[in-house]
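Step one of this worksheet: look at the structure below.
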Amino acid sequence: MKKVLIANRGEIAVRIIRACRDMGIKTVAVYSDCDRAALHVRLADEAWPIGPSAPRESYLRIDKIVDVARRAGVDAVHPGYGFLAENAQFASACVDARVTFIGPSAKTISLMGSKTAARETALRAGVRVVPGTEQPIDETASEAAVREIADRVGYPLMLKAVAGGGGKGMRTVASPEDLAGALRAARSEALSAFGDAAVYLERQILAPRHIEVQVVGDEHGTIVPFVERECTIQRRHQKVIEESPSPVVSAGLRDRITSAAVAVARTVNYTNAGTIEFLLDERGEFYFLEMNTRLQVEHPITEMVTGVDLVTTQIRVARGDKLTLNAGTCVVPRGHAIECRIYAEDPDNNFLPSPGRIEGLRVPHGPGVRDDSGAYEGEEVPIFYDPLISKLITWGDTREHAIARMRRALAEYHVRGIKTTIPFFQWVLEDDDFVAGRFDTSFLDRKLAAPNGRAVRGPDAEHEELAVIAAAITEITRTPGSAPTASDSTRWRSTARVEALR
Amino acid sequence: MKKVLIANRGEIAVRIIRACRDMGIKTVAVYSDCDRAALHVRLADEAWPIGPSAPRESYLRIDKIVDVARRAGVDAVHPGYGFLAENAQFASACVDARVTFIGPSAKTISLMGSKTAARETALRAGVRVVPGTEQPIDETASEAAVREIADRVGYPLMLKAVAGGGGKGMRTVASPEDLAGALRAARSEALSAFGDAAVYLERQILAPRHIEVQVVGDEHGTIVPFVERECTIQRRHQKVIEESPSPVVSAGLRDRITSAAVAVARTVNYTNAGTIEFLLDERGEFYFLEMNTRLQVEHPITEMVTGVDLVTTQIRVARGDKLTLNAGTCVVPRGHAIECRIYAEDPDNNFLPSPGRIEGLRVPHGPGVRDDSGAYEGEEVPIFYDPLISKLITWGDTREHAIARMRRALAEYHVRGIKTTIPFFQWVLEDDDFVAGRFDTSFLDRKLAAPNGRAVRGPDAEHEELAVIAAAITEITRTPGSAPTASDSTRWRSTARVEALR
Amino acid sequence: MRLQLAVGGRVRTIEIERRGNDFHLSIDGQTRTVDAASIGVAGWSLLVRGGNGSASRSVEAAVLPQKGSSGFDVHIDGFHIPVQVKGGVGRRFGDARSQGGSSEALLRVTAPMPGKVVRVLVKPGEEVTAKQGLVVVEAMKMENELRAARGGRVRDVLVAEGQSVEAGAALVVVE
Amino acid sequence: MRLQLAVGGRVRTIEIERRGNDFHLSIDGQTRTVDAASIGVAGWSLLVRGGNGSASRSVEAAVLPQKGSSGFDVHIDGFHIPVQVKGGVGRRFGDARSQGGSSEALLRVTAPMPGKVVRVLVKPGEEVTAKQGLVVVEAMKMENELRAARGGRVRDVLVAEGQSVEAGAALVVVE
């Protein structure tokens with residue numbers, strides 16, 4: 001494998017380019033109009049345009065991407081996550097073009113992509129699933145018919161898109177009177193997000209934690225599981241903080257849950273990287289939720305506690321290598337890792353997207369800090385895609401140490417010009433329940449609803465005084481007649497800037 | 001311990017501030033005139049000026065630093081490396097001011113600071129030393145007297161400053177005719193660098209490798225050694241690339257050399273972090289060279305392969321904690337780590353210093369990459385201090401993997417405006433002998449002398465063509481009448497700059 | 001020089017004078033001496049003395065001009081703190097973060113980013129309560145519900161479902 | 001537009017024309033199409049087509065003006081490649097990295113950085129060979145030996161031991 005096309009953008013495209021570089025593999029980036037100057041384009045060996053900024057006209061265009069793969073003469077395509085990563089047609093189109101798809105087979109993607117078929121697979125593997133409907137409920141089913149099914153499953157329940165993922169087309173239904181509205185909303189969101197309005201019902205597990213197990217399978221029948229990831233900290237069903245290992249999973253439970261994950265993967269002869277998601281209830285029982293047949297956003301925390309590079313492992317498996325990972329050590333965490341997903345969203349304003357130009361950027365560094373980012377100073381964060389601009393990961397020898405380093409890294413992280421979720425994470429990381437590991441999937445939504453739904457963390461009188469000082473100094477140094485700058489270093493800077501403008 | 005003063009600057013001051021943050025300890029920076037806007041000043045909780053830029057008037061002023069420590073009410077002082085780190089008077093002055101000195105006792109610093117006394121200590125510990133003079137040769141000794149001693153030691157030999165370190169005041173003497181010149185040069189350099197012209201002689205070990213062992217001792221009698229560091233890649237006796245573990249040290253040798261290091265440390269009841277340096281000859285015999293009674297520049301590679309944070313460990317030991325490190329796991333490397341010291345020097349021009357303004361900076365990121373730096377875009381690299389601007393460290397599961405990641409990280413690293421040693425490292429990392437681990441301490445000086453002493457790695461025809469293309473586009477886009485910029489992003493940028501100048 | 005700046009809804013009177021690299025400030029009578037070094041485009045490294053003893057506190061701040069206003073958005077310690085300059089034009093004195101402020105007669109709900117209106121949840125004449133959803137705008141693959149900052153009666157709905165809107169476009173007016 | 005640029009001691013003739021974001025170049029008769037996006041102060045992201053097939057090669061370059069010259073210092077792939085613009089003033093055509101070039105009658109050895117002269121190793125009238133040390137300047141705590149780029153006879157020694165020198169100050173002239 002000499003040359004790989006990355007059918008993605010943003011931080012994950014950059015992540016995959018780095019893995020290819022580490023293996024001496026050439027990289028081909030694709031980009032939409034607004035991504036011409038994106039970091040993945042700059043870092044790749046080649047870059048090819050694939051159309052307008054709207055995803056449907058570029059990153060979701062199988063024909064265009066396969067065409068570039070052919071013309072650039074690549075050996076393989078890495079889909080990243082999102083976009084076409086779980087699209088069986090794309091996987092087939094790659095194979096038809098004699099290009100290796102770095103992921104499982106189209107058949108497996110298709111099978112596990114149906115939430116109901118995936119549940120059946122888990123049951124066949126002898127793994128418990130959340131009680132619910134085994135058959136999809138298509139858009140023709142009447143509200144009354146759905147109500148009947150709902151009564152059998154029992155309230156509270158979850159309405160989920162069959163084709164779903166990432167919290168889209170998902171609604172909680174606390175009681176019968178909420179069913180009609182939730183059904184309409186879930187169907188509409190599912191249709192617009194996945195082109196398929198079919199939904200299914202699941203009993204809601206009370207106070208659940210979201211625990212998932214990474215697996216990698218090779219083409220020679222070996223499937224290796226990794227220490228679990230705890231992804232319970234979610235906002236509107238979207239993960240925002242992940243950690244590994246889970247603060248509540250014992251060695252015994254780890255053994256059972258990773259074995260269950262391997263059993264599911266083995267049932268479908270799984271190859272390449274995939275993740276099996278479970279709900280863990282208060283009594284320590286776990287239930288299969290779904291399988292993601294791709295690299296996960298949060299894969300770096302697994303890399304940090306096991307030392308395994310999951311992307312290079314994906315590439316090795318895709319080219320037919322036998323897995324040489326030590327199955328024993330992959331399930332024994334070394335230290336603790338946490339990831340915060342830094343989004344271009346305004347946490348003080350209901351997490352509304354905050355696209356725009358990054359006027360200033362200082363990325364944290366130092367021991368135990370990793371920043372997987374696609375952003376740079378001067379970049380225009382586009383409005384067309386997921387607003388994830390960086391994943392900040394810290395490692396420590398204990399959970400406390402990883403949290404302390406995350407606090408330090410967040411404080412060093414400066415993003416100017418757009419709003420980000422950095423202050424939100426600073427607030428969460430000070431929360432007593434978070435620090436104690438006491439939470440379930442409703443944790444954030446409850447915390448956010450609690451005070452007034454507004455500023456998650458407010459400046460105090462001292463901050464306000466400092467803000468006034470900074471503003472006053474800025475105001476008087478920009479007044480004509482006064483010296484424009486406050487120190488020698490500024491004078492150098494201004495001079496340099498004037499020269500740059502010649 | 002609530003508040004720590006960092007008696008240093010640059011990357012190591014930033015490194016120590018980060019460790020303090022991780023422990024919830026407040027930090028006090030000190031700075032000279034030219035360092036007002038330095039990163040360590042910006043990141044600390046407090047910052048105090050200590051005088052003019054010349055080190056003797058600021059960072060070497062014990063009185064000023066102790067005065068700030070008193071006024072700021074700190075509990076401890078961390079000296080970093082260099083400056084006052086191995087100054088026994090400074091350690092004493094801190095103790096006298098009732099401030100904890102984060103390092104060994106003044107007595108130990110003083111003892112091991114004398115190269116000849118240190119050799120004696122090693123002999124007492126039963127550790128072999130490089131054959132040489134056991135007594136300092138002071139400046140009054142005549143050339144003839146030195147020649148007599150040299151004849152006894154045997155040629156080739158090394159002339160070294162008794163108070164020395166960092167390759168200063170050190171000369172190789174291949175044969176008797178070189179002795180007079182080398183003696184003059186070593187005495188003059190030793191006098192100017194350390195204020196002491198005394199030297200001593202050592203037999204030169206043929207084809208030696210520089211292997212060193214990190215140890216940490218607590219106040220309760222525990223001394224823990226760490227897996228060795230290989231620091232053989234040196235230029236003019238200065239380390240430029242370090243790695244851990246050494247590619248040539250077997251588990252058996254590791255056991256012997258770490259035991260020898262512990263024996264030396266135990267002989268002086270060593271506390272806090274220190275490093276014992278050895279020369280390893282071709283037959284696998286090792287010889288005590290010297291002990292550094294401080295944190296070492298290259299400490300991060302040890303952190304990467306053991307997971308231990310050496311700076312927080314130093315602070316814990318200094319406040320009297322018992323070491324809880326598992327002595328067994330600290331000597332078993334996990335994976336492999338490499339460090340390149342990025343200097344503001346021009347490798348195409350005999351490594352002359354290249355101070356100045358950093359016009360542009362892109363720091364590498366991603367899996368297995370750590371950048372310990374004190375630099376930032378817009379910073380003026382001062383002429384007064386060591387030109388180290390960053391330590392780039394990579395980790396991989398094997399040496400090959402760590403090297404591959406280092407190549408990737410170096411290619412991502414852009415420093416504009418000043419010359420750096422980045423292209424030099426790119427050249428070394430492609431060298432067959434380096435990749436094979438076949439080298440001794442003369443490796444670099446031989447490689448650099450080989451072709452013509454000039455460009456270590458030259459651009460090829462394709463690079464020159466690309467340079468012409470980039471220059472042509474720049475030339476026509478800056479011609480008045482033509483549009484000044486090539487894309488929207490530039491227009492934004494220029495606008496932002498104009499606004500900033502108002 | 002005398003300035004009037006408002007932060008957190010409170011007006012502060014500042015006397016500020018420059019002596020070399022130092023700025024001497026008096027804020028509502030409290031004195032501070034600040035050594036300010038400019039970092040990058042909008043950044044400051046401030047060393048602040050006075051107040052709690054003679055400590056020389058190190059603070060990093062970024063001061064970005066607010067769009068269409070003479071105020072600043074000051075970033076300190078992860079916070080975005082709006083500071084209005086008295087006599088500035090184009091923005092009322094008060095909390096810049098609110099959608100219009102609860103003290104005004106009319107509440108104009110505007111699109112905070114470019115996107116597409118996927119649902120309009122209210123009709124003109126309808127009574128709404130604080131935090132009730134008004135319009136759902138899709139941007140960056142997410143549906144974002146824009147809510148009423150306070151209760152009132154919907155006076156105008158200015159957009160329709162399916163319509164694309166620019167950042168700043170008025171969507172709904174509540175009176 | 002027609003340009004003459006010199007790199008690596010060789011003069012290249014370039015025809016360059018702009019069409020939208022693309023630049024069409026002909027370099028000594030070879031054609032290239034380049035999509036150039038400006039990044040930061042002096043950076044370019046270049047997508048270069050032509051030459052080896054239709055591949056769209058991605059290249060990052062920084063183009064910094066040389067001090068006191070109309071040439072550029074181009075950073076590509078870790079290299080600093082000097083490019084002179086024909087007709088530029090203040091710098092001769094050729095290798096900008098040399099201390100003065102072996103083709104000139106006089107070799108002026110200058111201080112590349114500010115520092116202190118700690119040793120002068122030659123005297124006027126002395127014959128020196130290529131790479132022989134001339135002066136030792138201390139800066140950044142290191143002693144730096146400045147050497148002769150070519151052999152010749154020392155015509156002038158312009159500094160004395162202990163003297164402080166600025167960057168660019170002439171130290172020794174070899175003829």
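Ligands are numbered from 1 in the order shown, residues from 1 within each chain, and chains are lettered A, B, ... in the order they appear in the structure tokens.
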**Report entry** Close residues, Ile76 (chain C) itself excluded, 10 Å, only C-alpha atoms, min 6 positions apart in chain, as JSON, numbers by chain
**Finding:** {"A": [411, 414, 459, 463, 464, 466, 467, 470], "C": [59, 60, 61, 62, 63]}
**Report entry** Nearby residues (only C-alpha atoms) at most 6 Å from Ile389 (chain B), same-chain spacing under 3 positions excluded, as a list in words
**Finding:** Ile342, Tyr343 and Ala375 of chain B
Could you write out the selected residues, including N, CA and C atoms, as a short mmCIF file (atom, residue, chain, number, x, y, z; two decimals), in the first residue's frame?
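And here is the file that came out, selection.cif:
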data_model
loop_
_atom_site.label_atom_id
_atom_site.label_comp_id
_atom_site.auth_asym_id
_atom_site.auth_seq_id
_atom_site.Cartn_x
_atom_site.Cartn_y
_atom_site.Cartn_z
N ILE B 342 15.67 21.56 19.22
CA ILE B 342 15.55 22.54 18.15
C ILE B 342 16.22 23.84 18.60
N TYR B 343 17.33 24.15 17.94
CA TYR B 343 18.08 25.36 18.30
C TYR B 343 17.88 26.45 17.26
N ALA B 375 8.74 29.02 22.94
CA ALA B 375 8.63 29.96 21.82
C ALA B 375 7.18 30.18 21.42
#
Requested in this report: Among the residues of region 1-172 of chain D, find those DSSP assigns to strand (DSSP E or B) from the backbone and print them as number ranges by chain.
Outcome: D: 2-7, 10-19, 22-27, 30-39, 43-49, 57-65, 72-76, 79-85, 107-110, 115-120, 127-128, 133-139, 142-147, 152-157, 164-165, 170-172
Report task. Provide as number ranges by chain the residues of chain C at most 7 Å from chain A, counting only C-alpha atoms. Result -> C: 5, 7, 21, 36-38, 61, 63, 72, 74, 76-79, 81, 83, 113, 139-141, 144
Please dump the current selection as a short mmCIF file (atom, residue, chain, number, x, y, z; two decimals), in the first residue's frame; keep N, CA, C and O atoms.
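In the end it all went to again_22.cif:
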data_model
loop_
_atom_site.label_atom_id
_atom_site.label_comp_id
_atom_site.auth_asym_id
_atom_site.auth_seq_id
_atom_site.Cartn_x
_atom_site.Cartn_y
_atom_site.Cartn_z
N LEU C 5 -16.41 52.92 31.38
CA LEU C 5 -16.58 51.60 30.77
C LEU C 5 -17.65 50.85 31.55
O LEU C 5 -17.74 50.97 32.77
N VAL C 7 -19.24 47.07 32.43
CA VAL C 7 -19.05 45.63 32.38
C VAL C 7 -20.05 45.00 33.35
O VAL C 7 -20.33 45.56 34.42
N ASN C 21 6.37 52.10 30.14
CA ASN C 21 5.64 50.87 29.83
C ASN C 21 4.49 50.64 30.81
O ASN C 21 3.72 49.71 30.65
N ALA C 36 2.03 46.52 30.62
CA ALA C 36 1.32 45.83 29.53
C ALA C 36 2.24 45.60 28.35
O ALA C 36 2.89 46.51 27.87
N ALA C 37 2.31 44.34 27.90
CA ALA C 37 3.07 44.01 26.69
C ALA C 37 2.10 43.44 25.68
O ALA C 37 1.30 42.57 26.00
N SER C 38 2.16 43.97 24.47
CA SER C 38 1.26 43.52 23.41
C SER C 38 1.76 42.20 22.84
O SER C 38 2.94 42.03 22.56
N ALA C 61 -4.78 38.55 28.39
CA ALA C 61 -6.07 39.03 27.94
C ALA C 61 -6.03 39.24 26.43
O ALA C 61 -4.99 39.56 25.88
N VAL C 63 -8.25 41.43 23.60
CA VAL C 63 -9.27 42.48 23.53
C VAL C 63 -9.67 42.65 22.07
O VAL C 63 -8.91 43.20 21.27
N PHE C 72 -15.70 46.33 23.42
CA PHE C 72 -14.73 45.27 23.24
C PHE C 72 -15.29 43.95 23.78
O PHE C 72 -16.11 43.94 24.69
N VAL C 74 -13.63 41.08 25.73
CA VAL C 74 -12.36 40.79 26.39
C VAL C 74 -12.34 39.32 26.82
O VAL C 74 -13.25 38.86 27.50
N ILE C 76 -10.64 36.63 29.05
CA ILE C 76 -9.75 36.43 30.19
C ILE C 76 -10.11 35.11 30.84
O ILE C 76 -11.28 34.87 31.16
N ASP C 77 -9.12 34.24 31.01
CA ASP C 77 -9.31 33.03 31.79
C ASP C 77 -10.51 32.20 31.26
O ASP C 77 -11.27 31.65 32.04
N GLY C 78 -10.65 32.15 29.95
CA GLY C 78 -11.73 31.36 29.36
C GLY C 78 -13.05 32.08 29.22
O GLY C 78 -13.97 31.58 28.58
N PHE C 79 -13.17 33.25 29.82
CA PHE C 79 -14.42 34.00 29.72
C PHE C 79 -14.37 35.00 28.58
O PHE C 79 -13.32 35.55 28.27
N ILE C 81 -15.79 38.51 28.09
CA ILE C 81 -16.44 39.54 28.89
C ILE C 81 -16.64 40.78 28.03
O ILE C 81 -15.67 41.40 27.60
N VAL C 83 -17.22 44.56 27.20
CA VAL C 83 -16.99 45.85 27.87
C VAL C 83 -17.42 46.95 26.91
O VAL C 83 -16.95 47.02 25.78
N MET C 113 -26.01 32.67 13.19
CA MET C 113 -25.08 32.14 12.17
C MET C 113 -25.88 31.95 10.89
O MET C 113 -27.10 31.89 10.93
N ALA C 139 -27.70 24.58 10.95
CA ALA C 139 -26.38 25.04 10.51
C ALA C 139 -25.38 24.05 11.05
O ALA C 139 -25.59 23.47 12.13
N MET C 140 -24.31 23.85 10.33
CA MET C 140 -23.27 22.91 10.75
C MET C 140 -23.87 21.55 11.11
O MET C 140 -23.48 20.94 12.09
N LYS C 141 -24.85 21.10 10.30
CA LYS C 141 -25.44 19.77 10.47
C LYS C 141 -26.26 19.61 11.75
O LYS C 141 -26.68 18.52 12.08
N ASN C 144 -30.71 23.98 15.54
CA ASN C 144 -30.53 24.85 16.69
C ASN C 144 -31.81 25.60 16.98
O ASN C 144 -32.31 26.33 16.12
#
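For Glu400 (chain A), the residues within 9 Å (counting only C-alpha atoms, excluding itself and residues fewer than 5 positions away along the chain) are His336, Arg405 and Val435 of chain A.
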Query raised in the report: Tell me, which residues of region 114-282 of chain A carry DSSP helix (DSSP H, G or I), written as a ChimeraX atom specification?
Result: /A:115-124,143-153,176-194,251-267
Report task. Return as a VMD selection string the residues belonging to chain B that are within 9 Å of chain A, counting only C-alpha atoms. Result -> chain B and resid 14 to 15 18 to 19 21 to 24 36 to 37 43 300 303 to 304 307 to 309 334 to 335 357 359 362 365 to 373 376 378 to 380 396 to 397 401 to 409 412 478 489 to 490 492 to 494 496 to 498 500 to 502
Contact table region 219-314 of chain A vs region 145-165 of chain A, cut-off 12 Å, shortest pair per residue, only C-alpha atoms, as JSON lines:
{"residue": "A:His237", "atom": "CA", "partner": "A:Gly165", "partner_atom": "CA", "distance": 9.6}
{"residue": "A:Gln238", "atom": "CA", "partner": "A:Gly165", "partner_atom": "CA", "distance": 9.5}
{"residue": "A:Lys239", "atom": "CA", "partner": "A:Gly165", "partner_atom": "CA", "distance": 11.5}
{"residue": "A:Glu277", "atom": "CA", "partner": "A:Gly165", "partner_atom": "CA", "distance": 11.4}
{"residue": "A:Leu289", "atom": "CA", "partner": "A:Gly165", "partner_atom": "CA", "distance": 11.1}
{"residue": "A:Glu290", "atom": "CA", "partner": "A:Gly165", "partner_atom": "CA", "distance": 9.1}
{"residue": "A:Met291", "atom": "CA", "partner": "A:Gly165", "partner_atom": "CA", "distance": 9.9}
{"residue": "A:Asn292", "atom": "CA", "partner": "A:Gly165", "partner_atom": "CA", "distance": 8.5}
{"residue": "A:Thr293", "atom": "CA", "partner": "A:Gly165", "partner_atom": "CA", "distance": 11.2}
{"residue": "A:Gln296", "atom": "CA", "partner": "A:Gly165", "partner_atom": "CA", "distance": 11.8}
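Minimum atom-to-atom distance to Leu121 (chain D), evaluated using only C-alpha atoms, belongs to D:Ala160 out of D:Ala160, D:Arg155, D:Glu138, D:Arg18.
Relative to CA of Glu202 (chain A), CA of Leu179 (chain A) is found at 13.0 Å.
Across the structure, CA of Glu230 (chain A) and CA of Phe286 (chain A) are spaced 12.9 Å apart.
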Requested in this report: Name the residues in contact with Pro79 (chain A) at a cut-off of 7 Å, using only C-alpha atoms, excluding same-chain residues fewer than 5 positions from it; report them as a ChimeraX atom specification.
Outcome: /A:6-8,84-85
Take the residues from that selection and write them out as a CSV table (one decimal), in the first residue's frame, keeping N, CA, C and O atoms.
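Below is the file that was written, selection.csv:
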chain,number,residue,atom,x,y,z
A,6,ILE,N,-7.9,10.0,1.4
A,6,ILE,CA,-8.6,10.2,2.6
A,6,ILE,C,-9.9,10.9,2.2
A,6,ILE,O,-9.9,12.1,1.8
A,7,ALA,N,-11.1,10.2,2.4
A,7,ALA,CA,-12.4,10.7,1.9
A,7,ALA,C,-13.0,11.4,3.1
A,7,ALA,O,-14.1,11.1,3.5
A,8,ASN,N,-12.4,12.5,3.6
A,8,ASN,CA,-12.9,13.2,4.7
A,8,ASN,C,-12.2,14.5,4.8
A,8,ASN,O,-11.4,14.9,4.0
A,84,LEU,N,-19.1,9.4,4.4
A,84,LEU,CA,-19.4,8.1,3.8
A,84,LEU,C,-18.8,6.9,4.6
A,84,LEU,O,-18.8,5.8,4.1
A,85,ALA,N,-18.4,7.1,5.8
A,85,ALA,CA,-17.7,6.1,6.6
A,85,ALA,C,-18.6,4.8,6.8
A,85,ALA,O,-18.0,3.7,6.9
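Rounded to one decimal, CA of Ala170 (chain C) and CA of Leu191 (chain A) lie 28.1 Å from each other.
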Query raised in the report: Hey, what's within 8 Å of Glu127 (chain D) if we count only C-alpha atoms and toss same-chain stuff fewer than 6 positions away? As a PyMOL selection string, please?
Result: chain D and resi 151-154
Query - 9 Å contact set for Arg119 (chain D), only C-alpha atoms, chain neighbours under 2 positions out, as a ChimeraX atom specification - result: /D:117,121,134-137,145,160-162
Please, could you write that set of residues out with C-alpha atoms as a PDB file, in the first residue's frame?
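Printed below is part.pdb as written:
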ATOM      1  CA  VAL D 117      34.808  39.118  19.881  1.00  0.00           C
ATOM      2  CA  LEU D 121      43.050  34.271  15.089  1.00  0.00           C
ATOM      3  CA  LEU D 134      39.530  33.930  11.486  1.00  0.00           C
ATOM      4  CA  VAL D 135      37.642  35.321  14.463  1.00  0.00           C
ATOM      5  CA  VAL D 136      35.749  33.808  17.401  1.00  0.00           C
ATOM      6  CA  VAL D 137      32.575  35.633  18.422  1.00  0.00           C
ATOM      7  CA  GLU D 145      34.363  30.449  14.992  1.00  0.00           C
ATOM      8  CA  ALA D 160      39.909  43.644  18.522  1.00  0.00           C
ATOM      9  CA  GLU D 161      39.435  41.013  21.211  1.00  0.00           C
ATOM     10  CA  GLY D 162      36.847  42.022  23.795  1.00  0.00           C
TER      11      GLY D 162
END
Report task. Write out as a PyMOL selection string which residues come within 10 Å of Gln4 (chain C) when counting only C-alpha atoms, dropping same-chain ones fewer than 6 positions away. Result -> (chain A and resi 468+472) or (chain C and resi 11-15+27+84-87)
